[in-house]
Structure formats: C-alpha cells, structure tokens
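To be precise, the following lines are upload07.cif, and they hold mmCIF, C-alpha atoms.
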data_my_file
loop_
_atom_site.label_atom_id
_atom_site.label_comp_id
_atom_site.auth_asym_id
_atom_site.auth_seq_id
_atom_site.Cartn_x
_atom_site.Cartn_y
_atom_site.Cartn_z
CA MET A 577 41.37 0.98 43.59
CA LYS A 578 38.35 2.99 42.51
CA ILE A 579 36.67 5.89 44.26
CA SER A 580 33.72 7.87 42.97
CA THR A 581 32.36 11.21 44.16
CA ILE A 582 28.89 12.71 43.99
CA GLY A 583 27.02 15.79 45.19
CA PHE A 584 23.28 15.70 45.76
CA THR A 585 22.30 19.32 45.12
CA LYS A 586 20.72 20.22 41.78
CA LYS A 587 19.75 16.57 41.29
CA SER A 588 16.39 14.95 41.73
CA ALA A 589 16.27 11.84 43.88
CA ARG A 590 15.75 9.85 40.70
CA GLN A 591 18.86 11.31 39.01
CA PHE A 592 20.95 10.87 42.14
CA PHE A 593 20.06 7.23 42.78
CA GLU A 594 20.28 6.29 39.10
CA LEU A 595 23.82 7.71 38.98
CA LEU A 596 24.75 5.62 42.01
CA ARG A 597 23.10 2.45 40.74
CA GLU A 598 24.61 2.75 37.23
CA SER A 599 28.08 3.46 38.63
CA GLY A 600 28.35 0.11 40.38
CA VAL A 601 29.63 1.61 43.65
CA GLU A 602 29.30 -0.57 46.74
CA ARG A 603 28.77 2.11 49.37
CA ILE A 604 28.20 5.78 49.97
CA VAL A 605 30.96 7.32 52.08
CA ASP A 606 29.36 10.44 53.55
CA VAL A 607 31.95 13.20 54.07
CA ARG A 608 29.51 15.91 55.22
CA LEU A 609 29.92 17.69 58.51
CA ASN A 610 26.14 18.17 58.84
CA ASN A 611 24.65 14.99 57.43
CA GLY A 612 21.41 15.10 59.43
CA SER A 613 20.11 18.48 58.29
CA GLN A 614 16.46 18.77 57.24
CA LEU A 615 17.75 20.86 54.30
CA SER A 616 19.28 17.71 52.85
CA GLY A 617 15.90 16.35 51.76
CA PHE A 618 16.34 12.80 50.42
CA ALA A 619 20.04 12.92 51.38
CA LYS A 620 19.42 13.26 55.13
CA ARG A 621 21.60 10.64 56.87
CA ASP A 622 19.04 8.03 57.95
CA ASP A 623 16.86 8.45 54.86
CA LEU A 624 19.86 8.24 52.58
CA ALA A 625 21.08 5.02 54.19
CA TRP A 626 17.61 3.47 53.69
CA PHE A 627 17.21 4.69 50.10
CA ALA A 628 20.72 3.54 49.16
CA ARG A 629 20.09 0.06 50.50
CA GLU A 630 16.54 -0.33 49.17
CA LEU A 631 16.93 1.36 45.76
CA CYS A 632 20.53 0.54 44.89
CA GLY A 633 21.58 -2.32 47.15
CA ILE A 634 24.54 -0.31 48.46
CA ASP A 635 25.81 0.43 51.96
CA TYR A 636 26.15 3.77 53.71
CA VAL A 637 28.88 4.91 56.08
CA HIS A 638 29.67 8.30 57.57
CA GLU A 639 33.37 9.14 57.88
CA PRO A 640 33.73 12.15 60.22
CA VAL A 641 37.52 12.09 59.76
CA LEU A 642 36.86 13.28 56.17
CA THR A 643 34.73 16.29 57.13
CA PRO A 644 35.99 19.85 57.41
CA THR A 645 35.87 21.49 60.82
CA LYS A 646 32.89 23.68 61.63
CA ASN A 647 35.09 26.80 61.70
CA LEU A 648 36.83 26.02 58.40
CA LEU A 649 33.54 25.39 56.60
CA SER A 650 31.96 28.50 58.11
CA ASP A 651 34.93 30.70 57.16
CA TYR A 652 34.66 29.57 53.54
CA ARG A 653 30.87 29.77 53.27
CA GLN A 654 30.81 33.21 54.87
CA GLY A 655 33.49 34.48 52.46
CA ARG A 656 36.11 35.07 55.15
CA ILE A 657 38.59 32.89 53.25
CA SER A 658 39.08 32.08 49.58
CA TRP A 659 38.78 28.64 48.01
CA ASP A 660 42.58 28.46 47.75
CA THR A 661 42.93 29.10 51.49
CA TYR A 662 40.17 26.59 52.28
CA GLU A 663 41.85 23.98 50.09
CA SER A 664 45.23 24.50 51.74
CA ARG A 665 43.77 24.33 55.25
CA PHE A 666 41.69 21.24 54.48
CA ILE A 667 44.72 19.44 53.04
CA ASP A 668 46.63 20.34 56.23
CA LEU A 669 43.70 18.98 58.27
CA MET A 670 43.81 15.67 56.38
CA ARG A 671 47.57 15.46 57.02
CA THR A 672 47.07 16.16 60.72
CA ARG A 673 44.32 13.54 60.93
CA ARG A 674 46.52 11.09 58.97
CA ILE A 675 43.50 9.93 56.98
CA GLU A 676 45.65 7.71 54.78
CA SER A 677 46.53 5.66 57.89
CA VAL A 678 43.20 5.62 59.72
CA LEU A 679 40.85 4.89 56.81
CA SER A 680 40.14 1.36 55.68
CA LYS A 681 41.10 0.80 52.06
CA GLU A 682 38.43 -1.91 51.92
CA VAL A 683 35.72 0.57 52.89
CA MET A 684 36.99 3.22 50.51
CA ASN A 685 37.54 0.95 47.49
CA ASN A 686 34.54 1.17 45.17
CA GLY A 687 33.01 3.71 47.54
CA CYS A 688 31.43 7.01 46.56
CA LEU A 689 32.36 10.14 48.50
CA LEU A 690 29.17 12.12 49.10
CA CYS A 691 28.84 15.82 49.79
CA SER A 692 26.25 18.45 49.01
CA GLU A 693 28.11 20.48 46.36
CA ASN A 694 26.76 19.84 42.88
CA GLN A 695 30.17 19.80 41.17
CA PRO A 696 33.53 18.62 42.55
CA HIS A 697 35.54 21.70 41.53
CA HIS A 698 35.16 23.54 44.83
CA CYS A 699 34.25 20.66 47.11
CA HIS A 700 36.33 18.90 49.71
CA ARG A 701 35.27 15.47 48.39
CA ARG A 702 37.55 16.05 45.40
CA LEU A 703 40.37 17.03 47.76
CA VAL A 704 39.85 13.82 49.75
CA ALA A 705 39.99 11.68 46.59
CA GLU A 706 43.13 13.43 45.33
CA TYR A 707 44.84 13.21 48.73
CA LEU A 708 44.15 9.49 49.02
CA SER A 709 45.29 8.91 45.46
CA ASP A 710 48.56 10.71 46.23
CA HIS A 711 49.11 8.61 49.37
CA TRP A 712 47.74 5.23 48.35
CA GLY A 713 48.97 5.16 44.77
CA GLU A 714 47.08 3.88 41.75
CA MET A 715 43.49 5.02 42.06
CA GLU A 716 40.75 5.72 39.54
CA VAL A 717 38.60 8.67 40.59
CA ARG A 718 35.20 9.19 38.94
CA HIS A 719 33.09 12.29 39.54
CA LEU A 720 29.51 11.08 39.01
CA GLY A 721 27.13 13.53 37.40
CA HIS A 722 29.99 15.66 36.06
CA GLY A 723 29.64 15.09 32.36
CA LYS A 724 29.50 11.34 31.89
CA ASP A 725 31.36 9.95 34.90
CA HIS A 726 34.34 12.29 34.52
CA VAL A 727 37.55 10.49 35.45
CA GLY A 728 40.32 12.41 37.16
CA THR A 729 40.53 16.00 38.32
CA PRO A 730 37.87 18.30 36.84
CA GLU A 731 38.96 21.42 34.99
CA ASN A 732 38.44 24.63 36.98
#

What is this structure when it is put down as structure tokens?
Amino acid sequence: MKISTIGFTKKSARQFFELLRESGVERIVDVRLNNGSQLSGFAKRDDLAWFARELCGIDYVHEPVLTPTKNLLSDYRQGRISWDTYESRFIDLMRTRRIESVLSKEVMNNGCLLCSENQPHHCHRRLVAEYLSDHWGEMEVRHLGHGKDHVGTPEN
C-alpha cells in the first residue's frame, strides 16, 4: 500500500499540481477541517476537486474522520498546547474514531493526504499516515514536496 502526503501552502498552483501529477497518485484525500475557506485559494474544496480532475486526472474525496476537532486545532494554533500535546490528543482521537476500521483501504491506497501545512513535521497528515501504517501494516509513505518525495517519517 502507498500513501502520499502534501501541503499546499508555500507552493504555487503549478508546483502543487505538478507534484501531484508526477507522483502518480489516484486521488486527493482532504484531511482539513476547514476545506472551504476562501484563504485556501486554489485549494478551496470545490476548486481543488475540479483542478485535480482536469489537470491531473485524479479524484478528490474529503475524509472528515481524519480531521482534528475544532477545539484541538484552535488550542494548538493559539499556543494553548504544545505540538507534543496536540500529537498525543490527535492520536487518541484517531483511536477513538477507529479510523483503521472505518476507512476504505481502496480509497486510501495510492491516495494523497492533503492539508495546508507546507511540511509534514508538525502536521496531522503525517500522524494519519503513521497511524494507518502502524495498524494496516506494510505501507510506503511519501511526503511530496519535502525534498524529492521523501519516504518515511521526516526528521524533526
């Protein structure tokens, strides 16, 4: 099984869609809580689905079960909790949601987890990929745009 991850910030639309097209992924799996925000530019939900299909020939799905809660995300962004606390709470949230049981392996295989963070180091998309790898077994994880398709967990 293969899963990729990508963030759209600090990338032009051209860079972003070229990374997706060159990676060979079959679908974007949007893991953002707020995927319809005007601040997302070309990565706004409906626009992204259209661009992905028209420019790259790939599908788009939103998986709300893979998003953080509003309170958890707010606590981290506002500096009320550290990254380590956020990470621990998000992993607990995935356990509670039993994402390994409710997600379709067919949808996830050769999918690309999308979030806004430029790099995967402090982004929940990396945590999702690692969690699924731990529960589903053999999985190749590629972080697109991090070096040249970095495979595995990025160095902190």

Residues near Glu693 (chain A), anyone? I mean within 8 Å using only C-alpha atoms, not counting same-chain ones fewer than 5 positions away, as a PDB file with C-alpha atoms, in the coordinates of the input.
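Output saved as result.pdb:
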ATOM      1  CA  GLY A 583      27.020  15.790  45.190  1.00  0.00           C
ATOM      2  CA  PHE A 584      23.280  15.700  45.760  1.00  0.00           C
ATOM      3  CA  THR A 585      22.300  19.320  45.120  1.00  0.00           C
ATOM      4  CA  HIS A 698      35.160  23.540  44.830  1.00  0.00           C
ATOM      5  CA  CYS A 699      34.250  20.660  47.110  1.00  0.00           C
TER       6      CYS A 699
END

Would you kindly return, as a VMD selection string, each protein, DNA or RNA residue with an atom no farther than 12 Å from any atom of Val717 (chain A), considering all atoms listed in the file and excluding same-chain residues fewer than 4 positions away?
-> chain A and resid 577 to 582 599 601 684 to 689 696 701 to 710 713 722 725 to 730

Those same residues, written as a PDB file, keeping the file's coordinate frame with C-alpha atoms?
ATOM      1  CA  MET A 577      41.370   0.980  43.590  1.00  0.00           C
ATOM      2  CA  LYS A 578      38.350   2.990  42.510  1.00  0.00           C
ATOM      3  CA  ILE A 579      36.670   5.890  44.260  1.00  0.00           C
ATOM      4  CA  SER A 580      33.720   7.870  42.970  1.00  0.00           C
ATOM      5  CA  THR A 581      32.360  11.210  44.160  1.00  0.00           C
ATOM      6  CA  ILE A 582      28.890  12.710  43.990  1.00  0.00           C
ATOM      7  CA  SER A 599      28.080   3.460  38.630  1.00  0.00           C
ATOM      8  CA  VAL A 601      29.630   1.610  43.650  1.00  0.00           C
ATOM      9  CA  MET A 684      36.990   3.220  50.510  1.00  0.00           C
ATOM     10  CA  ASN A 685      37.540   0.950  47.490  1.00  0.00           C
ATOM     11  CA  ASN A 686      34.540   1.170  45.170  1.00  0.00           C
ATOM     12  CA  GLY A 687      33.010   3.710  47.540  1.00  0.00           C
ATOM     13  CA  CYS A 688      31.430   7.010  46.560  1.00  0.00           C
ATOM     14  CA  LEU A 689      32.360  10.140  48.500  1.00  0.00           C
ATOM     15  CA  PRO A 696      33.530  18.620  42.550  1.00  0.00           C
ATOM     16  CA  ARG A 701      35.270  15.470  48.390  1.00  0.00           C
ATOM     17  CA  ARG A 702      37.550  16.050  45.400  1.00  0.00           C
ATOM     18  CA  LEU A 703      40.370  17.030  47.760  1.00  0.00           C
ATOM     19  CA  VAL A 704      39.850  13.820  49.750  1.00  0.00           C
ATOM     20  CA  ALA A 705      39.990  11.680  46.590  1.00  0.00           C
ATOM     21  CA  GLU A 706      43.130  13.430  45.330  1.00  0.00           C
ATOM     22  CA  TYR A 707      44.840  13.210  48.730  1.00  0.00           C
ATOM     23  CA  LEU A 708      44.150   9.490  49.020  1.00  0.00           C
ATOM     24  CA  SER A 709      45.290   8.910  45.460  1.00  0.00           C
ATOM     25  CA  ASP A 710      48.560  10.710  46.230  1.00  0.00           C
ATOM     26  CA  GLY A 713      48.970   5.160  44.770  1.00  0.00           C
ATOM     27  CA  HIS A 722      29.990  15.660  36.060  1.00  0.00           C
ATOM     28  CA  ASP A 725      31.360   9.950  34.900  1.00  0.00           C
ATOM     29  CA  HIS A 726      34.340  12.290  34.520  1.00  0.00           C
ATOM     30  CA  VAL A 727      37.550  10.490  35.450  1.00  0.00           C
ATOM     31  CA  GLY A 728      40.320  12.410  37.160  1.00  0.00           C
ATOM     32  CA  THR A 729      40.530  16.000  38.320  1.00  0.00           C
ATOM     33  CA  PRO A 730      37.870  18.300  36.840  1.00  0.00           C
TER      34      PRO A 730
END

For the structure provided, state which residues fall under the PyMOL selection byres ((chain A and resi 667-677) around 10), and present them as a PDB file with C-alpha atoms, in the frame of the given file.
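See result13.pdb below for the written result:
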ATOM      1  CA  VAL A 641      37.520  12.090  59.760  1.00  0.00           C
ATOM      2  CA  LEU A 642      36.860  13.280  56.170  1.00  0.00           C
ATOM      3  CA  THR A 643      34.730  16.290  57.130  1.00  0.00           C
ATOM      4  CA  PRO A 644      35.990  19.850  57.410  1.00  0.00           C
ATOM      5  CA  THR A 645      35.870  21.490  60.820  1.00  0.00           C
ATOM      6  CA  LEU A 648      36.830  26.020  58.400  1.00  0.00           C
ATOM      7  CA  THR A 661      42.930  29.100  51.490  1.00  0.00           C
ATOM      8  CA  TYR A 662      40.170  26.590  52.280  1.00  0.00           C
ATOM      9  CA  GLU A 663      41.850  23.980  50.090  1.00  0.00           C
ATOM     10  CA  SER A 664      45.230  24.500  51.740  1.00  0.00           C
ATOM     11  CA  ARG A 665      43.770  24.330  55.250  1.00  0.00           C
ATOM     12  CA  PHE A 666      41.690  21.240  54.480  1.00  0.00           C
ATOM     13  CA  VAL A 678      43.200   5.620  59.720  1.00  0.00           C
ATOM     14  CA  LEU A 679      40.850   4.890  56.810  1.00  0.00           C
ATOM     15  CA  SER A 680      40.140   1.360  55.680  1.00  0.00           C
ATOM     16  CA  LYS A 681      41.100   0.800  52.060  1.00  0.00           C
ATOM     17  CA  HIS A 700      36.330  18.900  49.710  1.00  0.00           C
ATOM     18  CA  LEU A 703      40.370  17.030  47.760  1.00  0.00           C
ATOM     19  CA  VAL A 704      39.850  13.820  49.750  1.00  0.00           C
ATOM     20  CA  GLU A 706      43.130  13.430  45.330  1.00  0.00           C
ATOM     21  CA  TYR A 707      44.840  13.210  48.730  1.00  0.00           C
ATOM     22  CA  LEU A 708      44.150   9.490  49.020  1.00  0.00           C
ATOM     23  CA  SER A 709      45.290   8.910  45.460  1.00  0.00           C
ATOM     24  CA  ASP A 710      48.560  10.710  46.230  1.00  0.00           C
ATOM     25  CA  HIS A 711      49.110   8.610  49.370  1.00  0.00           C
ATOM     26  CA  TRP A 712      47.740   5.230  48.350  1.00  0.00           C
TER      27      TRP A 712
END

Correct to one decimal, the distance CA of Lys586 (chain A)-CA of Gln695 (chain A) is 9.5 Å

Written as JSON, numbers by chain, what is the full residue list that the PyMOL selection byres ((chain A and resi 633-637) around 6) yields on the file shown?
-> {"A": [602, 603, 604, 605, 625, 628, 629, 630, 632, 638]}

Keeping only C-alpha atoms, write the selected residues to a file as a PDB file, in the coordinates of the input.
ATOM      1  CA  GLU A 602      29.300  -0.570  46.740  1.00  0.00           C
ATOM      2  CA  ARG A 603      28.770   2.110  49.370  1.00  0.00           C
ATOM      3  CA  ILE A 604      28.200   5.780  49.970  1.00  0.00           C
ATOM      4  CA  VAL A 605      30.960   7.320  52.080  1.00  0.00           C
ATOM      5  CA  ALA A 625      21.080   5.020  54.190  1.00  0.00           C
ATOM      6  CA  ALA A 628      20.720   3.540  49.160  1.00  0.00           C
ATOM      7  CA  ARG A 629      20.090   0.060  50.500  1.00  0.00           C
ATOM      8  CA  GLU A 630      16.540  -0.330  49.170  1.00  0.00           C
ATOM      9  CA  CYS A 632      20.530   0.540  44.890  1.00  0.00           C
ATOM     10  CA  HIS A 638      29.670   8.300  57.570  1.00  0.00           C
TER      11      HIS A 638
END

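What separates CA of Lys646 (chain A) from CA of Lys587 (chain A) is a distance of 25.2 Å.
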
A straight line from CA of Glu639 (chain A) to CA of Asn611 (chain A) spans 10.5 Å

Counting all atoms listed in the file, what is within 9 Å of Phe618 (chain A), bar same-chain residues fewer than 2 positions away, as a PyMOL selection string?
-> chain A and resi 584+588-589+616+620-621+623-624+627
